[in-house]
Amino acid sequence: MKKRVIMIVEDNYEDQEVDSPLAFLQEKGFQVDLVGLKKNKNLKGKKGASKIVTTHAISDVRAEDYDGLIIPGGWAPDKLRIIDGVLDFVRAMEGDQKPIAAICHGPQVLINAEVVKGKRLTAYRAIWKDLENAGAEVLNKPVVVDGNLITSRHPGDLKYFNRAFLGALERG
């Protein structure tokens with residue numbers, strides 16, 4: 001059976017941080033569902049270079065149906081981090097110790113889901129203090145893996161991010 005990954009997205013996502021993991025995982029044979037606040041919603045990346053359509057609404061998905069989660073960055077995480085359904089989904093994936101990957105501003109969602117305390121993470125520099133205030137140790141590295149959490153700083157780290165997430169899925 002094909003492994004399923006959920007990518008939680010909303011308008012103004014970082015284009016490369018959706019496009020690169022999506023293509024990488026699909027090429028490796030994974031099913032990637034693009035999940036937003038509404039099903040069949042046309043979303044546009046913050047640079048406008050990328051356009052996607054959500055396959056599901058967050059209210060219609062269950063953590064037990066997925067093997068891993070990706071939270072891309074951009075400006076979307078600032079909106080997603082206050083959505084109860086998104087936070088509940090992240091907590092459920094964390095509770096099951098399934099791989100959770102967040103890049104750039106994506107860890108903002110992890111902060112609000114309260115899953116970063118005592119963890120080692122990285123993110124876009126602008127939210128390092130937020131992570132520290134939430135109890136995380138921040139490292140300035142291309143990718144940081146702590147248990148089931150995989151984090152990276154920015155699009156320049158995508159090759160490391162994609163490989164680390166794939167490794168976690170394969171071990172999972």
# chains A, B, ... in the order shown; residues from 1 in each chain; ligands from 1

$ residues_around --residues "Lys41 in chain A" --least-positions-apart "2" --cutoff "10 Å" --atoms "only C-alpha atoms" --output "short mmCIF file (atom, residue, chain, number, x, y, z; two decimals) with C-alpha atoms, in the first residue's frame"
data_model
loop_
_atom_site.label_atom_id
_atom_site.label_comp_id
_atom_site.auth_asym_id
_atom_site.auth_seq_id
_atom_site.Cartn_x
_atom_site.Cartn_y
_atom_site.Cartn_z
CA GLU A 10 -2.93 27.91 2.78
CA ASP A 11 -2.55 31.02 0.60
CA VAL A 35 -4.90 19.93 2.85
CA GLY A 36 -6.17 23.40 3.61
CA LEU A 37 -9.02 25.07 5.38
CA LYS A 38 -11.35 24.18 2.50
CA LYS A 39 -11.42 21.37 -0.07
CA LEU A 43 -4.14 28.52 -3.43
CA LYS A 44 -1.36 30.76 -4.60
CA ILE A 52 -2.14 24.44 -6.18
CA VAL A 53 -5.60 23.13 -5.38
CA THR A 54 -6.34 21.54 -2.01
CA THR A 55 -7.48 17.92 -2.12
CA HIS A 56 -9.08 17.93 1.33
CA ALA A 57 -10.21 20.25 4.12
#

$ select_by_dssp --residues "range 1-152 of chain A" --states "helix (DSSP H, G or I)" --output "MDAnalysis selection string"
chainID A and resid 15:27 58:60 63:65 76:80 84:95 107:112 125:133

$ residues_around --residues "Val90 in chain A" --least-positions-apart "4" --cutoff "9 Å" --atoms "only C-alpha atoms" --output "JSON, numbers by chain"
{"A": [63, 69, 85, 86, 94, 95, 100, 109, 110, 113, 115]}

$ residues_around --residues "range 25-30 of chain A" --least-positions-apart "5" --cutoff "8 Å" --atoms "only C-alpha atoms" --output "MDAnalysis selection string"
chainID A and resid 2:5 166

$ closest_residue --among "A:Lys98, A:Arg171, A:Lys47, A:Arg163" --to "Tyr13 in chain A" --atoms "only C-alpha atoms"
A:Lys47

$ closest_residue --among "A:Gly147, A:Pro155, A:Pro142, A:Pro72" --to "Met7 in chain A" --atoms "only C-alpha atoms"
A:Pro72

$ residues_around --residues "Phe161 in chain A" --least-positions-apart "5" --cutoff "10 Å" --atoms "only C-alpha atoms" --output "MDAnalysis selection string"
chainID A and resid 17 20:21 101:103 142:145 150:156 166:167

$ write_last_selection --atoms "N, CA and C atoms" --output "compact mmCIF listing (two decimals), in the first residue's frame"
# COMPACT_ATOMS: atom_id res chain seq x y z
N GLU A 17 8.83 25.59 -1.05
CA GLU A 17 8.68 24.69 0.09
C GLU A 17 7.45 23.78 -0.03
N SER A 20 8.91 21.60 -4.08
CA SER A 20 10.03 20.67 -3.99
C SER A 20 9.69 19.39 -3.24
N PRO A 21 9.16 19.45 -1.99
CA PRO A 21 8.82 18.19 -1.33
C PRO A 21 7.70 17.43 -2.03
N ALA A 101 7.44 17.27 9.53
CA ALA A 101 8.48 18.11 8.97
C ALA A 101 7.94 19.53 8.79
N ALA A 102 8.71 20.50 9.28
CA ALA A 102 8.32 21.91 9.15
C ALA A 102 9.54 22.71 8.73
N ILE A 103 9.33 23.61 7.79
CA ILE A 103 10.44 24.40 7.26
C ILE A 103 10.10 25.88 7.32
N PRO A 142 21.20 23.21 8.46
CA PRO A 142 20.27 23.03 7.34
C PRO A 142 19.08 22.14 7.67
N VAL A 143 19.31 21.13 8.50
CA VAL A 143 18.21 20.27 8.93
C VAL A 143 18.52 19.78 10.34
N VAL A 144 17.48 19.73 11.16
CA VAL A 144 17.61 19.19 12.51
C VAL A 144 16.53 18.13 12.68
N VAL A 145 16.95 16.96 13.13
CA VAL A 145 16.01 15.86 13.40
C VAL A 145 16.07 15.58 14.89
N ILE A 150 11.30 16.99 12.14
CA ILE A 150 12.32 17.34 11.16
C ILE A 150 12.11 18.81 10.80
N THR A 151 13.12 19.64 10.99
CA THR A 151 12.96 21.07 10.68
C THR A 151 14.14 21.59 9.86
N SER A 152 13.85 22.60 9.04
CA SER A 152 14.87 23.27 8.25
C SER A 152 14.60 24.77 8.24
N ARG A 153 15.60 25.54 7.79
CA ARG A 153 15.56 27.00 7.91
C ARG A 153 14.87 27.72 6.76
N HIS A 154 15.11 27.30 5.52
CA HIS A 154 14.65 28.07 4.36
C HIS A 154 14.76 27.23 3.09
N PRO A 155 14.31 27.75 1.94
CA PRO A 155 14.35 26.96 0.70
C PRO A 155 15.73 26.42 0.33
N GLY A 156 16.78 27.12 0.72
CA GLY A 156 18.13 26.64 0.43
C GLY A 156 18.47 25.32 1.09
N LEU A 166 12.17 11.86 4.02
CA LEU A 166 12.06 10.55 3.38
C LEU A 166 12.64 9.46 4.28
N GLY A 167 13.79 9.71 4.87
CA GLY A 167 14.39 8.75 5.77
C GLY A 167 13.48 8.41 6.95

$ closest_residue --among "A:Pro99, A:Asp33, A:Val116, A:Gly135" --to "Ala164 in chain A" --atoms "only C-alpha atoms"
A:Pro99

$ atom_distance --atom1 "CA of Ala134 in chain A" --atom2 "CA of Asp65 in chain A"
28.8 Å

$ select_by_dssp --residues "chain A" --states "strand (DSSP E)" --output "PyMOL selection string"
chain A and resi 4-8+31-36+42-44+51-53+56-57+68-71+100-103+120-121+137-138+143-146+149-152

$ write_last_selection --atoms "N, CA and C atoms" --output "compact mmCIF listing (two decimals), in the first residue's frame"
# COMPACT_ATOMS: atom_id res chain seq x y z
N ARG A 4 1.00 7.52 2.63
CA ARG A 4 0.32 8.81 2.44
C ARG A 4 0.93 9.88 3.33
N VAL A 5 1.15 11.03 2.72
CA VAL A 5 1.68 12.19 3.42
C VAL A 5 0.68 13.33 3.28
N ILE A 6 0.53 14.10 4.34
CA ILE A 6 -0.33 15.27 4.30
C ILE A 6 0.55 16.51 4.33
N MET A 7 0.24 17.46 3.48
CA MET A 7 0.90 18.75 3.49
C MET A 7 -0.18 19.78 3.79
N ILE A 8 -0.03 20.49 4.91
CA ILE A 8 -1.03 21.49 5.29
C ILE A 8 -0.61 22.83 4.70
N GLN A 31 1.82 9.14 -1.92
CA GLN A 31 0.63 9.95 -2.19
C GLN A 31 0.72 11.16 -1.26
N VAL A 32 0.63 12.37 -1.83
CA VAL A 32 0.69 13.59 -1.03
C VAL A 32 -0.63 14.33 -1.17
N ASP A 33 -1.34 14.46 -0.06
CA ASP A 33 -2.60 15.20 -0.05
C ASP A 33 -2.33 16.63 0.40
N LEU A 34 -2.82 17.57 -0.38
CA LEU A 34 -2.69 18.99 -0.07
C LEU A 34 -3.93 19.41 0.69
N VAL A 35 -3.76 19.68 1.96
CA VAL A 35 -4.90 19.93 2.85
C VAL A 35 -4.88 21.37 3.32
N GLY A 36 -6.03 22.02 3.18
CA GLY A 36 -6.17 23.40 3.61
C GLY A 36 -7.40 23.58 4.46
N ASN A 42 -8.38 26.93 -4.57
CA ASN A 42 -7.21 27.35 -5.33
C ASN A 42 -6.33 28.21 -4.42
N LEU A 43 -5.08 27.79 -4.27
CA LEU A 43 -4.14 28.52 -3.43
C LEU A 43 -2.99 29.03 -4.28
N LYS A 44 -2.46 30.15 -3.87
CA LYS A 44 -1.36 30.76 -4.60
C LYS A 44 -0.19 30.98 -3.64
N LYS A 51 0.87 27.54 -8.04
CA LYS A 51 -0.56 27.51 -7.73
C LYS A 51 -0.94 26.05 -7.53
N ILE A 52 -1.70 25.80 -6.48
CA ILE A 52 -2.14 24.44 -6.18
C ILE A 52 -3.62 24.45 -5.82
N VAL A 53 -4.20 23.28 -5.79
CA VAL A 53 -5.60 23.13 -5.38
C VAL A 53 -5.62 22.11 -4.24
N HIS A 56 -8.24 18.18 0.17
CA HIS A 56 -9.08 17.93 1.33
C HIS A 56 -9.13 19.18 2.22
N ALA A 57 -10.14 19.24 3.06
CA ALA A 57 -10.21 20.25 4.12
C ALA A 57 -9.66 19.62 5.39
N GLY A 68 2.89 10.68 7.48
CA GLY A 68 3.74 11.82 7.77
C GLY A 68 3.06 13.13 7.44
N LEU A 69 3.62 14.22 7.97
CA LEU A 69 3.06 15.56 7.83
C LEU A 69 4.15 16.54 7.46
N ILE A 70 3.85 17.42 6.51
CA ILE A 70 4.75 18.52 6.15
C ILE A 70 4.02 19.84 6.35
N ILE A 71 4.71 20.79 6.98
CA ILE A 71 4.19 22.15 7.14
C ILE A 71 5.18 23.09 6.47
N ILE A 100 6.94 14.51 11.42
CA ILE A 100 6.40 15.85 11.20
C ILE A 100 7.55 16.72 10.73
N ALA A 101 7.44 17.27 9.53
CA ALA A 101 8.48 18.11 8.97
C ALA A 101 7.94 19.53 8.79
N ALA A 102 8.71 20.50 9.28
CA ALA A 102 8.32 21.91 9.15
C ALA A 102 9.54 22.71 8.73
N ILE A 103 9.33 23.61 7.79
CA ILE A 103 10.44 24.40 7.26
C ILE A 103 10.10 25.88 7.32
N ARG A 120 14.98 19.89 19.99
CA ARG A 120 16.00 20.63 19.22
C ARG A 120 15.43 20.86 17.83
N LEU A 121 15.39 22.12 17.39
CA LEU A 121 14.79 22.48 16.11
C LEU A 121 15.59 23.56 15.42
N GLU A 137 15.31 24.15 21.91
CA GLU A 137 16.70 24.55 21.67
C GLU A 137 16.83 24.75 20.17
N VAL A 138 17.32 25.91 19.76
CA VAL A 138 17.42 26.24 18.34
C VAL A 138 18.85 26.06 17.85
N VAL A 143 19.31 21.13 8.50
CA VAL A 143 18.21 20.27 8.93
C VAL A 143 18.52 19.78 10.34
N VAL A 144 17.48 19.73 11.16
CA VAL A 144 17.61 19.19 12.51
C VAL A 144 16.53 18.13 12.68
N VAL A 145 16.95 16.96 13.13
CA VAL A 145 16.01 15.86 13.40
C VAL A 145 16.07 15.58 14.89
N ASP A 146 14.92 15.67 15.55
CA ASP A 146 14.81 15.33 16.97
C ASP A 146 13.60 14.43 17.11
N LEU A 149 10.42 14.89 14.80
CA LEU A 149 10.37 16.24 14.24
C LEU A 149 11.58 16.51 13.34
N ILE A 150 11.30 16.99 12.14
CA ILE A 150 12.32 17.34 11.16
C ILE A 150 12.11 18.81 10.80
N THR A 151 13.12 19.64 10.99
CA THR A 151 12.96 21.07 10.68
C THR A 151 14.14 21.59 9.86
N SER A 152 13.85 22.60 9.04
CA SER A 152 14.87 23.27 8.25
C SER A 152 14.60 24.77 8.24

$ closest_residue --among "A:Ile111, A:Lys79, A:Lys117, A:Arg62" --to "Ala92 in chain A" --atoms "only C-alpha atoms"
A:Arg62

$ atom_distance --atom1 "CA of Leu139 in chain A" --atom2 "CA of Ile127 in chain A"
12.0 Å

$ atom_distance --atom1 "CA of Ile58 in chain A" --atom2 "CA of Asn133 in chain A"
27.7 Å

$ closest_residue --among "A:Ala76, A:Tyr160, A:Asn148, A:Cys104" --to "Trp128 in chain A" --atoms "only C-alpha atoms"
A:Cys104

$ decode --residues "range 2-86 of chain A" --atoms "C-alpha atoms" --output "CSV table (one decimal), in the first residue's frame"
chain,number,residue,atom,x,y,z
A,2,LYS,CA,1.3,3.4,-0.9
A,3,LYS,CA,2.3,5.6,2.0
A,4,ARG,CA,0.3,8.8,2.4
A,5,VAL,CA,1.7,12.2,3.4
A,6,ILE,CA,-0.3,15.3,4.3
A,7,MET,CA,0.9,18.8,3.5
A,8,ILE,CA,-1.0,21.5,5.3
A,9,VAL,CA,-1.2,24.6,3.1
A,10,GLU,CA,-2.9,27.9,2.8
A,11,ASP,CA,-2.6,31.0,0.6
A,12,ASN,CA,0.9,32.7,0.7
A,13,TYR,CA,2.8,29.5,1.3
A,14,GLU,CA,6.5,29.6,0.3
A,15,ASP,CA,6.4,28.3,-3.3
A,16,GLN,CA,9.5,26.2,-3.3
A,17,GLU,CA,8.7,24.7,0.1
A,18,VAL,CA,5.5,23.1,-1.4
A,19,ASP,CA,6.7,22.4,-4.9
A,20,SER,CA,10.0,20.7,-4.0
A,21,PRO,CA,8.8,18.2,-1.3
A,22,LEU,CA,5.7,17.5,-3.3
A,23,ALA,CA,7.6,16.5,-6.5
A,24,PHE,CA,10.3,14.7,-4.5
A,25,LEU,CA,7.8,12.5,-2.6
A,26,GLN,CA,5.6,11.9,-5.6
A,27,GLU,CA,8.7,10.7,-7.5
A,28,LYS,CA,9.4,8.3,-4.7
A,29,GLY,CA,5.9,6.9,-4.9
A,30,PHE,CA,4.2,8.6,-2.0
A,31,GLN,CA,0.6,10.0,-2.2
A,32,VAL,CA,0.7,13.6,-1.0
A,33,ASP,CA,-2.6,15.2,0.0
A,34,LEU,CA,-2.7,19.0,-0.1
A,35,VAL,CA,-4.9,19.9,2.8
A,36,GLY,CA,-6.2,23.4,3.6
A,37,LEU,CA,-9.0,25.1,5.4
A,38,LYS,CA,-11.4,24.2,2.5
A,39,LYS,CA,-11.4,21.4,-0.1
A,40,ASN,CA,-10.8,22.2,-3.8
A,41,LYS,CA,-9.6,25.7,-2.9
A,42,ASN,CA,-7.2,27.3,-5.3
A,43,LEU,CA,-4.1,28.5,-3.4
A,44,LYS,CA,-1.4,30.8,-4.6
A,45,GLY,CA,2.2,30.9,-3.3
A,46,LYS,CA,3.6,34.1,-1.9
A,47,LYS,CA,5.8,34.6,-4.9
A,48,GLY,CA,2.9,33.7,-7.3
A,49,ALA,CA,5.0,31.2,-9.2
A,50,SER,CA,3.1,28.3,-7.8
A,51,LYS,CA,-0.6,27.5,-7.7
A,52,ILE,CA,-2.1,24.4,-6.2
A,53,VAL,CA,-5.6,23.1,-5.4
A,54,THR,CA,-6.3,21.5,-2.0
A,55,THR,CA,-7.5,17.9,-2.1
A,56,HIS,CA,-9.1,17.9,1.3
A,57,ALA,CA,-10.2,20.2,4.1
A,58,ILE,CA,-8.5,19.9,7.5
A,59,SER,CA,-11.9,19.1,9.0
A,60,ASP,CA,-12.2,16.0,6.8
A,61,VAL,CA,-8.8,14.3,7.5
A,62,ARG,CA,-7.7,12.0,10.3
A,63,ALA,CA,-4.1,11.5,11.5
A,64,GLU,CA,-4.5,7.7,11.5
A,65,ASP,CA,-4.8,7.8,7.7
A,66,TYR,CA,-1.4,9.4,7.2
A,67,ASP,CA,2.2,8.3,7.6
A,68,GLY,CA,3.7,11.8,7.8
A,69,LEU,CA,3.1,15.6,7.8
A,70,ILE,CA,4.8,18.5,6.1
A,71,ILE,CA,4.2,22.1,7.1
A,72,PRO,CA,5.7,24.5,4.6
A,73,GLY,CA,6.7,28.0,5.4
A,74,GLY,CA,5.9,31.4,3.9
A,75,TRP,CA,3.2,33.5,5.4
A,76,ALA,CA,0.6,30.7,5.6
A,77,PRO,CA,1.8,29.3,8.9
A,78,ASP,CA,0.9,32.6,10.6
A,79,LYS,CA,-2.8,31.9,9.6
A,80,LEU,CA,-2.7,28.1,10.2
A,81,ARG,CA,-1.3,28.4,13.7
A,82,ILE,CA,-4.6,29.7,15.1
A,83,ILE,CA,-6.8,27.1,13.5
A,84,ASP,CA,-7.9,24.5,16.1
A,85,GLY,CA,-8.3,21.7,13.5
A,86,VAL,CA,-4.7,22.2,12.3
